[in-house]
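First the structure, in the form of structure tokens, and then the observations on it.
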Amino acid sequence: MIDDKALLSEYLSESEELLDSLLADLDALGANANIHAINRIFRQIHSLKGLSGMMGLAEVQAIAHDFEDILDDIRLGQLKLDKASVAVLQECGASLASLLAGAARGTAKDEDFERLRELLLAIAARPRSQAKREDNDLESLGFSERERQLLTDYEKHRIRENLNAESDFFAIKVQFDITDIDSKYRTLTNQLAEVGELLTTLPDAAKDDHRVAFKLLLSTPLKESEVKQLVARYQGRVARVGRSTWRRAGQALRVVGRKKSRSEEEDKPLSGLLPTSYAQESLQSLSPNVRVDLLKVDELSGIAHELSIEAQKLSAMANRFLNAAGLGARERFDLKSSVRRIEREFLELEERLVELRMVSLAQTFTRAARLAGRLARELGKAVSVKVQGRDTLVDKMIVDRIADPISHLLRNALDHGIEAPQERRLAGKSARGEIKIEARLEGTRALIVIADDGRGINPQEVRQRAIAIGAIAEDESLSEDETLRLIFRPGFSTAEKISSVSGRGVGLNAAERTVYELGGEIRVASQPGQGTTFEIAVPTTLVMISAFIVRAAEWLYAVNVGQIVELIYVNADEIFGRDGKRSIQWRGLAIPLVELKYLLGLGGARVLHQTPSPPHGNGNGYLAATPMPVVISRASDRYAAIAVEQFVEQREIIVKSLGPLGAKMKGIIGAVDLAGGEVALVLDLQSLLLLRSLRL
Amino acid sequence: MTKRKASSTIQALLRLASLPGKLNAADDEPHTADQLSVLMLDIGEEVFAVSVETIEGVVDCPKLAPLPFPPEGIIGVASVRGRMTLVMNLSASNSSSQSVNRQRLVLLKGESQMGLLADRIEDVVTLARDAVESSGKRLGNKEPQPRWPVSGLFKNKERRIPILDCERLLET
């Protein structure tokens, strides 16, 4: 039973969506179901199993596992689907659906589990195919011995089925750069799945260390030229395989591989297991939640914001009217209180709409804990994972975006941080390592901590590596904190070997960029021999942010206050260096000074007025008439001073999206409506500084 | 385009913009699958057309905020009916964002949040689809090639007007 009401509601909502599509797919299932339908059902049961496991519903997880086994046998062609077994499968689905809700609420009875188990056993006892599992037929497709060993039973089964169906096979060899492998591989496989069946993906030899190569086997009715055209944009090489031999191989498999199955009349009748009446089946929804597209919430927020601006205008008009018209005290009171109420209600409406976007970190953290456990097993390490603050609420978009950085930090902690049990014992530690995943609120920011008690980061190794990759000069002097931050530089990795878990040196840099793009930052602290702690600080919401409005050239811009370290005024005699290379002294550091209008491509550095005798003789001989408003911001571990024309005000703003094209433009998060129909761009100062390749 | 679709699009245009009177005539005319309604607009020295199927409405262009390092053709962003809209100027003499006063903004349909800046809306005309030359054989050697994606051309008052391919325009 799930005691936490919010968690129960989230679980029911998510499982309901899975159950809906599962039941629809089961209903559409026929005795001649295609493999895609079976695979889809298999995946849905698999997801339900995982979800129930995460919620601690062990009994549901176990029975879903049995269900999954049966579907696996059907996928592998070992269990035959017929009309009777399809009906029982459908009944299993319905039974699982009611069981799941009951188990979550703690109302499921033992007999409910027994009934489903009985149904599953009945299907499991159906006649099984006795096909021989020899790999000789796979030779016709030119698989090497090693490649054959890599094929799963399911892949072998699908290849045989396609051989039997006399399909055409193509081997497609592609190479992807490691920086965009995820997106390109996904796009390619999605395209291939649309034109045929992608039977397997095998590793292949890559040209260099920065690329990963694959060999894909596709069965498709397309011509060779069409397949070539399809993979041309990925520079894929296509070869038809097995054409001369597939017929013979298919024949051989049919003659030798299969034994005659028992006739259906000998099977145990299944119809008796099905209920005689469905009167008790409820059509009621499992959860009271509705799922709404975030875009629709944004639209509503936009409308509410417009209305709130109109309400403010009405309020101003009402005030003028109150003074001008000869109203009685009662009317004046009514009008005033009515106007105030409208203003207050609109403000609350805006806040409530922002809350709709907030979700808890529970799901992300549960997945993170599972990932940590799985990685530890894979790496032969022992860890216990402690999770805290899963109820912390953060904007859904931010939760989705920080999932990858969290997963990367966990991989690093497991791979590089936590030592092997033997090494830990030698260091006087417990053999079992500990990983903490925590979240808490700090003002308008959420702080997410990933900490391990592993070997820590050795600053000397970091320094040597940074010199080797040219990130710092050999004689550059850095504080300990600055040295540690070097691990976020592109191409940085002290791992001697690249493992399947981490170590390619692209992740930490990408993780830092993602967090910066959200207006947040990653901090790292480490004690050699004691462990490492990473802190990700992100705003809890992006839609409504606290922003500072500035003027540059003749335009207004908004900057997330999270990206501002300090606002200062600078006199001309405090500016050093020539035009284009100006700097100021700030907190004992010499930091570069740039104009915001230069960062935005709207102009160069402003001309400082010449004076006959500069008071401090700073070398440039120019002075501005008035002090210059300057925003101090930080990109990575360096600071920059950004000069603007005017500080306007700090206020809460609702950030509006610039659409799909706007999302691709660097340096802009969105835009905001200001009074008088003026639009202010919401800037991402870090990206703008990087865009201008400013060496900070 | 079906008659119903064409009518509703044109009704929307009428609600949102004071277009030339001939729009009413276009609404009254029967539309068939063999016909195409296009909006003709002056952009700089050139005249372009866009299919009314791809248009959400026409408004006076509000004040623009310039974008840093925008893609070619995009000159700024404006707030139109509470939605941020990227403004595209197809003019060869790509005017700056400050000189858009009294210009018109043709809002494109869909999720793109894009609008085309026009100096003047000329007319809405209904064409027989076979009167539209395909863009493949579009122009002779002597005529300048359009800088923007074009789905076809048609003749109007001795001029050959290119019909913008809005889908490809958004991709570029």
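Lettering and numbering for the structure tokens are positional, with chains as A, B, ... in the shown order, residues counted from 1 in each chain, and ligands counted from 1 in the shown order.
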
Contact check, chain B to chain A, at most 6 Å, counting only C-alpha atoms, closest pairs as JSON lines:
{"residue": "B:Pro68", "atom": "CA", "partner": "A:Leu600", "partner_atom": "CA", "distance": 4.7}
{"residue": "B:Met84", "atom": "CA", "partner": "A:Leu658", "partner_atom": "CA", "distance": 5.6}
{"residue": "B:Ser112", "atom": "CA", "partner": "A:Gly659", "partner_atom": "CA", "distance": 5.9}
{"residue": "B:Gln113", "atom": "CA", "partner": "A:Gly659", "partner_atom": "CA", "distance": 5.6}

Neighbours of Arg455 of chain A within 10 Å (only C-alpha atoms; same-chain residues fewer than 2 positions away dropped), as a PyMOL selection string?
chain A and resi 413+416-419+423-424+427+452-453+457-458+526-532

Store the residues picked out above, limited to C-alpha atoms, as an mmCIF file, in the first residue's frame.
data_model
loop_
_atom_site.group_PDB
_atom_site.id
_atom_site.type_symbol
_atom_site.label_atom_id
_atom_site.label_comp_id
_atom_site.auth_asym_id
_atom_site.auth_seq_id
_atom_site.Cartn_x
_atom_site.Cartn_y
_atom_site.Cartn_z
ATOM 1 C CA ALA A 413 30.179 8.830 -8.500
ATOM 2 C CA HIS A 416 35.238 7.117 -10.380
ATOM 3 C CA GLY A 417 34.175 7.943 -6.817
ATOM 4 C CA ILE A 418 33.132 4.759 -5.017
ATOM 5 C CA GLU A 419 36.036 2.319 -4.763
ATOM 6 C CA GLU A 423 40.076 -1.053 -1.928
ATOM 7 C CA ARG A 424 37.609 0.435 0.549
ATOM 8 C CA ALA A 427 41.445 2.364 3.189
ATOM 9 C CA ASP A 452 29.537 9.913 -2.409
ATOM 10 C CA ASP A 453 31.975 8.698 0.249
ATOM 11 C CA ILE A 457 39.082 14.087 -6.511
ATOM 12 C CA ASN A 458 42.842 14.532 -6.469
ATOM 13 C CA SER A 526 35.854 17.138 -2.576
ATOM 14 C CA GLN A 527 38.093 15.711 0.134
ATOM 15 C CA PRO A 528 40.663 13.211 -1.153
ATOM 16 C CA GLY A 529 39.937 9.842 0.430
ATOM 17 C CA GLN A 530 36.645 11.077 1.937
ATOM 18 C CA GLY A 531 34.359 11.662 -1.019
ATOM 19 C CA THR A 532 32.901 14.205 -3.427
#

Residues at most 10 Å from Arg168 of chain B, counting only C-alpha atoms, excluding those fewer than 3 positions away in the same chain, as a ChimeraX atom specification?
/B:148-151,164-165,171-172

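One finds atom CA of Val195 of chain A at 16.2 Å from atom CA of Ala37 of chain A.
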
Review point. Which residues, written as JSON, numbers by chain, have at least one atom at most 7 Å from Thr126 of chain B, with only C-alpha atoms counted and residues fewer than 4 positions away on the same chain left out?
Key: {"B": [26, 35, 36, 37, 38]}

- request: Have a look at atom CA of Arg341 of chain A and atom CA of Ala311 of chain A and let me know their distance in Å, one decimal.
  value: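 Calculated distance between atom CA of Arg341 of chain A and atom CA of Ala311 of chain A is 10.1 Å.
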
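Distances here use only C-alpha atoms; by that measure, the residue among A:Leu217, A:Ile487, A:Leu163, A:Ile63 closest to Ala511 of chain A is A:Ile487.
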
| task | From a DSSP calculation on the backbone, collect every residue of segment 335-385 of chain A in helix (DSSP H, G or I) and output the set as a ChimeraX atom specification. | result | /A:335-356,362-379

Would you kindly return, as a ChimeraX atom specification, each protein, DNA or RNA residue with an atom no farther than 6 Å from any atom of Leu153 of chain B, considering only C-alpha atoms and excluding same-chain residues fewer than 5 positions away?
/B:132-133,161-163

Write to file, as a compact mmCIF listing (two decimals), in the first residue's frame, the residues of the selection just made, with N, CA and C atoms.
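Writing done, so here's selection_7.txt:
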# COMPACT_ATOMS: atom_id res chain seq x y z
N VAL B 132 -1.47 28.06 -61.89
CA VAL B 132 -0.23 28.23 -61.11
C VAL B 132 0.87 27.41 -61.77
N GLU B 133 1.92 28.11 -62.18
CA GLU B 133 3.07 27.41 -62.77
C GLU B 133 3.85 26.76 -61.64
N ILE B 161 3.81 36.57 -60.16
CA ILE B 161 3.91 36.69 -58.71
C ILE B 161 4.30 35.32 -58.11
N PRO B 162 5.38 35.29 -57.32
CA PRO B 162 5.74 34.02 -56.67
C PRO B 162 4.87 33.75 -55.43
N ILE B 163 4.44 32.48 -55.31
CA ILE B 163 3.68 32.09 -54.10
C ILE B 163 4.67 31.49 -53.12

note - atom CA of Leu116 of chain A and atom CA of Glu91 of chain A are separated by 8.6 Å

* To do: Any chance you could list, as JSON, numbers by chain, the residues in segment 282-465 of chain A that come up strand (DSSP E or B) when DSSP is run on the backbone?
  => {"A": [358, 359, 360, 383, 384, 385, 386, 387, 388, 393, 394, 395, 433, 434, 435, 436, 437, 438, 439, 440, 441, 442, 445, 446, 447, 448, 449, 450, 451, 452]}

_Which residues are near Ile564 of chain A? Cut-off 9 Å, only C-alpha atoms, ignore same chain within fewer than 5 positions. Put them as a VMD selection string._
chain A and resid 548 559 631 to 634 685

Writer output for current selection, C-alpha atoms, as a compact mmCIF listing (two decimals), in the first residue's frame:
# COMPACT_ATOMS: atom_id res chain seq x y z
CA PHE A 548 16.08 42.60 -13.22
CA VAL A 559 17.94 39.13 -16.69
CA VAL A 631 25.94 43.96 -13.95
CA ILE A 632 28.47 41.50 -12.51
CA SER A 633 27.72 37.99 -13.76
CA ARG A 634 29.51 34.67 -13.71
CA LEU A 685 24.02 36.16 -19.93

From the list B:Glu167, B:Glu53, B:Asp34, B:Glu45, the nearest residue to Val124 of chain B using only C-alpha atoms is B:Glu53
